[in-house]
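**Q** Before I ask anything, let me first share the structure, which is written out below as structure tokens.
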Amino acid sequence: MLYDNILVPYDGSESARAALAEALKFVRDDPTLTLRIVQIVDTEQLVINRLEAQGRTRETISSEEVHALFDSVVEEANKKLHEHIDSMLKGLMSRIIIEMLEETIPSEQIVAYADDHNCDIVVMGSRGLGALRGMLGSVSSYVLRHAEMPVLIVKQPSED
């Protein structure tokens with residue numbers, strides 16, 4: 001097989017689900033490879049959103065409560081991720097690594113993660129700008145331009 005270490009950035013979108021399904025074709029053909037599924041979570045923004053929804057600010061709560069909120073949003077994101085992907089991964093014999101990264105700039109983090117973990121290929125969705133059919137999203141576009149390894153962009157399933 002050409003690839004031994006595949007990275008799939010996963011954000012829960014249909015486009016990301018299609019990318020994971022495509023990567024799983026490689027995995028089924030070669031159970032010796034490593035599949036890395038990475039979800040990048042902007043925990044800071046999620047905490048801010050939760051505080052705003054509660055009508056609170058960082059200044060009105062204790063540092064312990066802030067830490068608990070961060071833990072809570074990471075736990076919720078992890079649970080949601082596994083709800084999305086666990087059924088797709090059943091029965092696989094490959095080494096599967098699932099990680100959640102707390103970052104605010106997913107495009108740069110995907111490229112850095114792929115480099116740091118010696119990934120052979122990045123398989124990712126093409127989620128774009130909606131009305132502008134056929135255009136790549138900004139994250140896909142950035143990874144495609146900056147990654148040192150091949151990038152497979154998987155088209156979002158059509159609704160035809």
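Just so we're on the same page: first chain in the structure tokens is A, next is B, and so on; residues restart at 1 for each chain, and ligands are numbered from 1 in the order they show up.
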As a count of residues only, please: the residues near segment 22-37 of chain A (cut-off 6 Å, only C-alpha atoms, same-chain neighbours under 6 positions excluded).
**A** 12
**Q** Considering only strand (DSSP E or B) as DSSP defines it on the backbone, what residues of chain A qualify? List them as an NGL selection string.
**A** :A and (5-9 or 34-41 or 95-102 or 121-125 or 151-154)
**Q** Take the residues that were just selected and, keeping N, CA, C and O atoms, output them as a tab-separated table (two decimals), in the first residue's frame.
**A**
chain	number	residue	atom	x	y	z
A	5	ASN	N	0.20	5.79	7.09
A	5	ASN	CA	-0.19	6.68	8.17
A	5	ASN	C	-1.10	7.77	7.60
A	5	ASN	O	-0.63	8.74	7.02
A	6	ILE	N	-2.42	7.59	7.77
A	6	ILE	CA	-3.41	8.46	7.15
A	6	ILE	C	-4.03	9.37	8.19
A	6	ILE	O	-4.44	8.91	9.25
A	7	LEU	N	-4.14	10.65	7.86
A	7	LEU	CA	-4.78	11.62	8.73
A	7	LEU	C	-6.12	12.03	8.13
A	7	LEU	O	-6.20	12.39	6.95
A	8	VAL	N	-7.17	11.98	8.96
A	8	VAL	CA	-8.49	12.48	8.57
A	8	VAL	C	-8.91	13.53	9.58
A	8	VAL	O	-9.25	13.20	10.72
A	9	PRO	N	-8.89	14.81	9.19
A	9	PRO	CA	-9.45	15.84	10.07
A	9	PRO	C	-10.97	15.69	10.05
A	9	PRO	O	-11.57	15.55	8.98
A	34	THR	N	-1.96	2.86	9.88
A	34	THR	CA	-2.47	3.65	11.00
A	34	THR	C	-3.41	4.72	10.46
A	34	THR	O	-3.08	5.42	9.51
A	35	LEU	N	-4.57	4.81	11.07
A	35	LEU	CA	-5.55	5.85	10.73
A	35	LEU	C	-5.64	6.80	11.90
A	35	LEU	O	-5.89	6.40	13.04
A	36	ARG	N	-5.41	8.07	11.62
A	36	ARG	CA	-5.48	9.11	12.64
A	36	ARG	C	-6.68	10.00	12.35
A	36	ARG	O	-6.74	10.61	11.28
A	37	ILE	N	-7.61	10.04	13.28
A	37	ILE	CA	-8.79	10.90	13.16
A	37	ILE	C	-8.61	12.02	14.17
A	37	ILE	O	-8.47	11.75	15.36
A	38	VAL	N	-8.60	13.24	13.66
A	38	VAL	CA	-8.34	14.39	14.52
A	38	VAL	C	-9.50	15.38	14.42
A	38	VAL	O	-9.88	15.78	13.32
A	39	GLN	N	-10.03	15.73	15.56
A	39	GLN	CA	-11.04	16.79	15.61
A	39	GLN	C	-10.42	17.98	16.32
A	39	GLN	O	-9.87	17.84	17.41
A	40	ILE	N	-10.51	19.13	15.69
A	40	ILE	CA	-9.97	20.35	16.27
A	40	ILE	C	-11.12	21.13	16.88
A	40	ILE	O	-12.10	21.43	16.20
A	41	VAL	N	-10.99	21.41	18.16
A	41	VAL	CA	-12.07	22.05	18.90
A	41	VAL	C	-11.58	23.41	19.40
A	41	VAL	O	-10.55	23.49	20.06
A	95	ARG	N	-4.59	0.06	13.35
A	95	ARG	CA	-4.34	0.94	14.49
A	95	ARG	C	-5.08	2.25	14.22
A	95	ARG	O	-4.82	2.93	13.22
A	96	ILE	N	-5.99	2.60	15.10
A	96	ILE	CA	-6.78	3.81	14.94
A	96	ILE	C	-6.51	4.73	16.12
A	96	ILE	O	-6.66	4.33	17.28
A	97	ILE	N	-6.11	5.94	15.81
A	97	ILE	CA	-5.81	6.94	16.84
A	97	ILE	C	-6.82	8.07	16.67
A	97	ILE	O	-6.93	8.65	15.59
A	98	ILE	N	-7.55	8.35	17.74
A	98	ILE	CA	-8.54	9.42	17.71
A	98	ILE	C	-8.10	10.48	18.70
A	98	ILE	O	-7.90	10.19	19.88
A	99	GLU	N	-7.93	11.69	18.20
A	99	GLU	CA	-7.45	12.77	19.07
A	99	GLU	C	-8.30	14.01	18.90
A	99	GLU	O	-8.80	14.30	17.81
A	100	MET	N	-8.42	14.74	19.99
A	100	MET	CA	-9.07	16.04	19.98
A	100	MET	C	-8.01	17.06	20.31
A	100	MET	O	-7.30	16.92	21.30
A	101	LEU	N	-7.91	18.07	19.47
A	101	LEU	CA	-6.92	19.12	19.68
A	101	LEU	C	-7.65	20.42	19.97
A	101	LEU	O	-8.59	20.77	19.27
A	102	GLU	N	-7.20	21.10	20.99
A	102	GLU	CA	-7.81	22.38	21.35
A	102	GLU	C	-7.02	23.48	20.65
A	102	GLU	O	-5.91	23.80	21.04
A	121	ILE	N	-0.53	10.89	4.03
A	121	ILE	CA	-1.58	11.51	3.25
A	121	ILE	C	-2.62	12.11	4.21
A	121	ILE	O	-2.81	11.59	5.31
A	122	VAL	N	-3.23	13.20	3.78
A	122	VAL	CA	-4.35	13.79	4.51
A	122	VAL	C	-5.58	13.56	3.64
A	122	VAL	O	-5.58	13.90	2.46
A	123	VAL	N	-6.60	12.97	4.23
A	123	VAL	CA	-7.87	12.75	3.52
A	123	VAL	C	-8.89	13.63	4.22
A	123	VAL	O	-9.17	13.44	5.41
A	124	MET	N	-9.42	14.60	3.50
A	124	MET	CA	-10.33	15.54	4.15
A	124	MET	C	-11.48	15.94	3.24
A	124	MET	O	-11.42	15.76	2.03
A	125	GLY	N	-12.50	16.47	3.86
A	125	GLY	CA	-13.68	16.92	3.13
A	125	GLY	C	-13.43	18.20	2.39
A	125	GLY	O	-12.43	18.89	2.59
A	151	VAL	N	-2.66	15.36	-0.43
A	151	VAL	CA	-3.93	15.67	0.21
A	151	VAL	C	-5.03	15.20	-0.73
A	151	VAL	O	-5.08	15.62	-1.89
A	152	LEU	N	-5.88	14.32	-0.22
A	152	LEU	CA	-7.02	13.84	-0.98
A	152	LEU	C	-8.24	14.60	-0.50
A	152	LEU	O	-8.62	14.50	0.67
A	153	ILE	N	-8.83	15.39	-1.38
A	153	ILE	CA	-10.03	16.15	-1.06
A	153	ILE	C	-11.22	15.34	-1.55
A	153	ILE	O	-11.34	15.07	-2.74
A	154	VAL	N	-12.09	14.98	-0.63
A	154	VAL	CA	-13.24	14.16	-0.97
A	154	VAL	C	-14.45	15.08	-1.16
A	154	VAL	O	-14.76	15.90	-0.30
**Q** Taking only C-alpha atoms into account, name the residue in A:Ser140, A:Ser63, A:Asn78, A:Asn49 that is nearest to Gly12 of chain A.
**A** A:Asn78
**Q** Taking the DSSP secondary structure from the backbone, can you list the residues of segment 45-125 of chain A that are helix (DSSP H, G or I), as a PyMOL selection string?
**A** chain A and resi 45-53+58-60+63-89+106-116
**Q** For a test of reading the model, state the distance in Å between atom CA of Val143 of chain A and atom CA of Glu83 of chain A, rounded to one decimal.
**A**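 Going from atom CA of Val143 of chain A over to atom CA of Glu83 of chain A, I get 26.1 Å.
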**Q** Of the candidates A:Asp42, A:Lys79, A:Asp115, A:Pro106, which one gets nearest to Gly137 of chain A if we count only C-alpha atoms?
**A**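 Counting only C-alpha atoms, the residue closest to Gly137 of chain A is A:Pro106.
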**Q** Excluding Val47 of chain A and its own-chain neighbours fewer than 5 positions away, which residues fall within 9 Å of it when counting only C-alpha atoms? Please give them as a PDB file with all heavy atoms, in the first residue's frame.
**A**
ATOM      1  N   ASP A  42     -12.335  24.437  19.074  1.00  0.00           N
ATOM      2  CA  ASP A  42     -12.034  25.781  19.562  1.00  0.00           C
ATOM      3  C   ASP A  42     -12.689  25.911  20.941  1.00  0.00           C
ATOM      4  O   ASP A  42     -13.758  26.490  21.089  1.00  0.00           O
ATOM      5  CB  ASP A  42     -12.557  26.832  18.588  1.00  0.00           C
ATOM      6  CG  ASP A  42     -12.141  28.249  18.962  1.00  0.00           C
ATOM      7  OD1 ASP A  42     -11.615  28.447  20.083  1.00  0.00           O
ATOM      8  OD2 ASP A  42     -12.350  29.148  18.141  1.00  0.00           O
ATOM      9  N   GLU A  52     -21.772  33.323  27.651  1.00  0.00           N
ATOM     10  CA  GLU A  52     -22.709  34.323  27.141  1.00  0.00           C
ATOM     11  C   GLU A  52     -24.148  33.832  27.230  1.00  0.00           C
ATOM     12  O   GLU A  52     -25.050  34.593  27.565  1.00  0.00           O
ATOM     13  CB  GLU A  52     -22.354  34.697  25.703  1.00  0.00           C
ATOM     14  CG  GLU A  52     -21.109  35.546  25.611  1.00  0.00           C
ATOM     15  CD  GLU A  52     -20.683  35.829  24.176  1.00  0.00           C
ATOM     16  OE1 GLU A  52     -21.267  35.237  23.227  1.00  0.00           O
ATOM     17  OE2 GLU A  52     -19.743  36.629  23.999  1.00  0.00           O
ATOM     18  N   VAL A  66     -14.192  28.032  35.439  1.00  0.00           N
ATOM     19  CA  VAL A  66     -13.695  28.147  34.070  1.00  0.00           C
ATOM     20  C   VAL A  66     -13.058  26.828  33.645  1.00  0.00           C
ATOM     21  O   VAL A  66     -13.325  26.318  32.554  1.00  0.00           O
ATOM     22  CB  VAL A  66     -12.690  29.319  33.922  1.00  0.00           C
ATOM     23  CG1 VAL A  66     -12.012  29.278  32.560  1.00  0.00           C
ATOM     24  CG2 VAL A  66     -13.386  30.645  34.129  1.00  0.00           C
ATOM     25  N   LEU A  69     -15.701  24.345  32.956  1.00  0.00           N
ATOM     26  CA  LEU A  69     -16.347  24.606  31.667  1.00  0.00           C
ATOM     27  C   LEU A  69     -15.498  24.087  30.509  1.00  0.00           C
ATOM     28  O   LEU A  69     -16.015  23.477  29.577  1.00  0.00           O
ATOM     29  CB  LEU A  69     -16.603  26.096  31.489  1.00  0.00           C
ATOM     30  CG  LEU A  69     -17.899  26.650  32.043  1.00  0.00           C
ATOM     31  CD1 LEU A  69     -17.946  28.164  31.905  1.00  0.00           C
ATOM     32  CD2 LEU A  69     -19.092  26.026  31.359  1.00  0.00           C
ATOM     33  N   PHE A  70     -14.198  24.321  30.574  1.00  0.00           N
ATOM     34  CA  PHE A  70     -13.305  23.809  29.527  1.00  0.00           C
ATOM     35  C   PHE A  70     -13.383  22.287  29.472  1.00  0.00           C
ATOM     36  O   PHE A  70     -13.516  21.705  28.392  1.00  0.00           O
ATOM     37  CB  PHE A  70     -11.857  24.270  29.759  1.00  0.00           C
ATOM     38  CG  PHE A  70     -11.535  25.583  29.125  1.00  0.00           C
ATOM     39  CD1 PHE A  70     -11.673  26.766  29.836  1.00  0.00           C
ATOM     40  CD2 PHE A  70     -11.099  25.657  27.809  1.00  0.00           C
ATOM     41  CE1 PHE A  70     -11.380  27.990  29.255  1.00  0.00           C
ATOM     42  CE2 PHE A  70     -10.810  26.873  27.212  1.00  0.00           C
ATOM     43  CZ  PHE A  70     -10.946  28.049  27.937  1.00  0.00           C
ATOM     44  N   SER A  72     -15.796  20.424  30.406  1.00  0.00           N
ATOM     45  CA  SER A  72     -17.133  20.057  29.958  1.00  0.00           C
ATOM     46  C   SER A  72     -17.276  20.158  28.436  1.00  0.00           C
ATOM     47  O   SER A  72     -17.822  19.252  27.805  1.00  0.00           O
ATOM     48  CB  SER A  72     -18.163  20.960  30.641  1.00  0.00           C
ATOM     49  OG  SER A  72     -19.443  20.734  30.131  1.00  0.00           O
ATOM     50  N   VAL A  73     -16.769  21.237  27.840  1.00  0.00           N
ATOM     51  CA  VAL A  73     -16.910  21.377  26.388  1.00  0.00           C
ATOM     52  C   VAL A  73     -16.060  20.350  25.648  1.00  0.00           C
ATOM     53  O   VAL A  73     -16.467  19.835  24.605  1.00  0.00           O
ATOM     54  CB  VAL A  73     -16.633  22.812  25.881  1.00  0.00           C
ATOM     55  CG1 VAL A  73     -17.631  23.795  26.444  1.00  0.00           C
ATOM     56  CG2 VAL A  73     -15.228  23.257  26.117  1.00  0.00           C
TER      57      VAL A  73
END
**Q** What is the atom CA of Leu92 of chain A-atom CA of Val74 of chain A distance in Å, reported with one decimal?
**A**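 Those two atoms sit 25.8 Å apart.
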**Q** What is the distance, in Å and to one decimal place, between atom CA of Ser107 of chain A and atom CA of Arg127 of chain A?
**A**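 Taking atom CA of Ser107 of chain A as the start and atom CA of Arg127 of chain A as the end point, the length is 13.0 Å.
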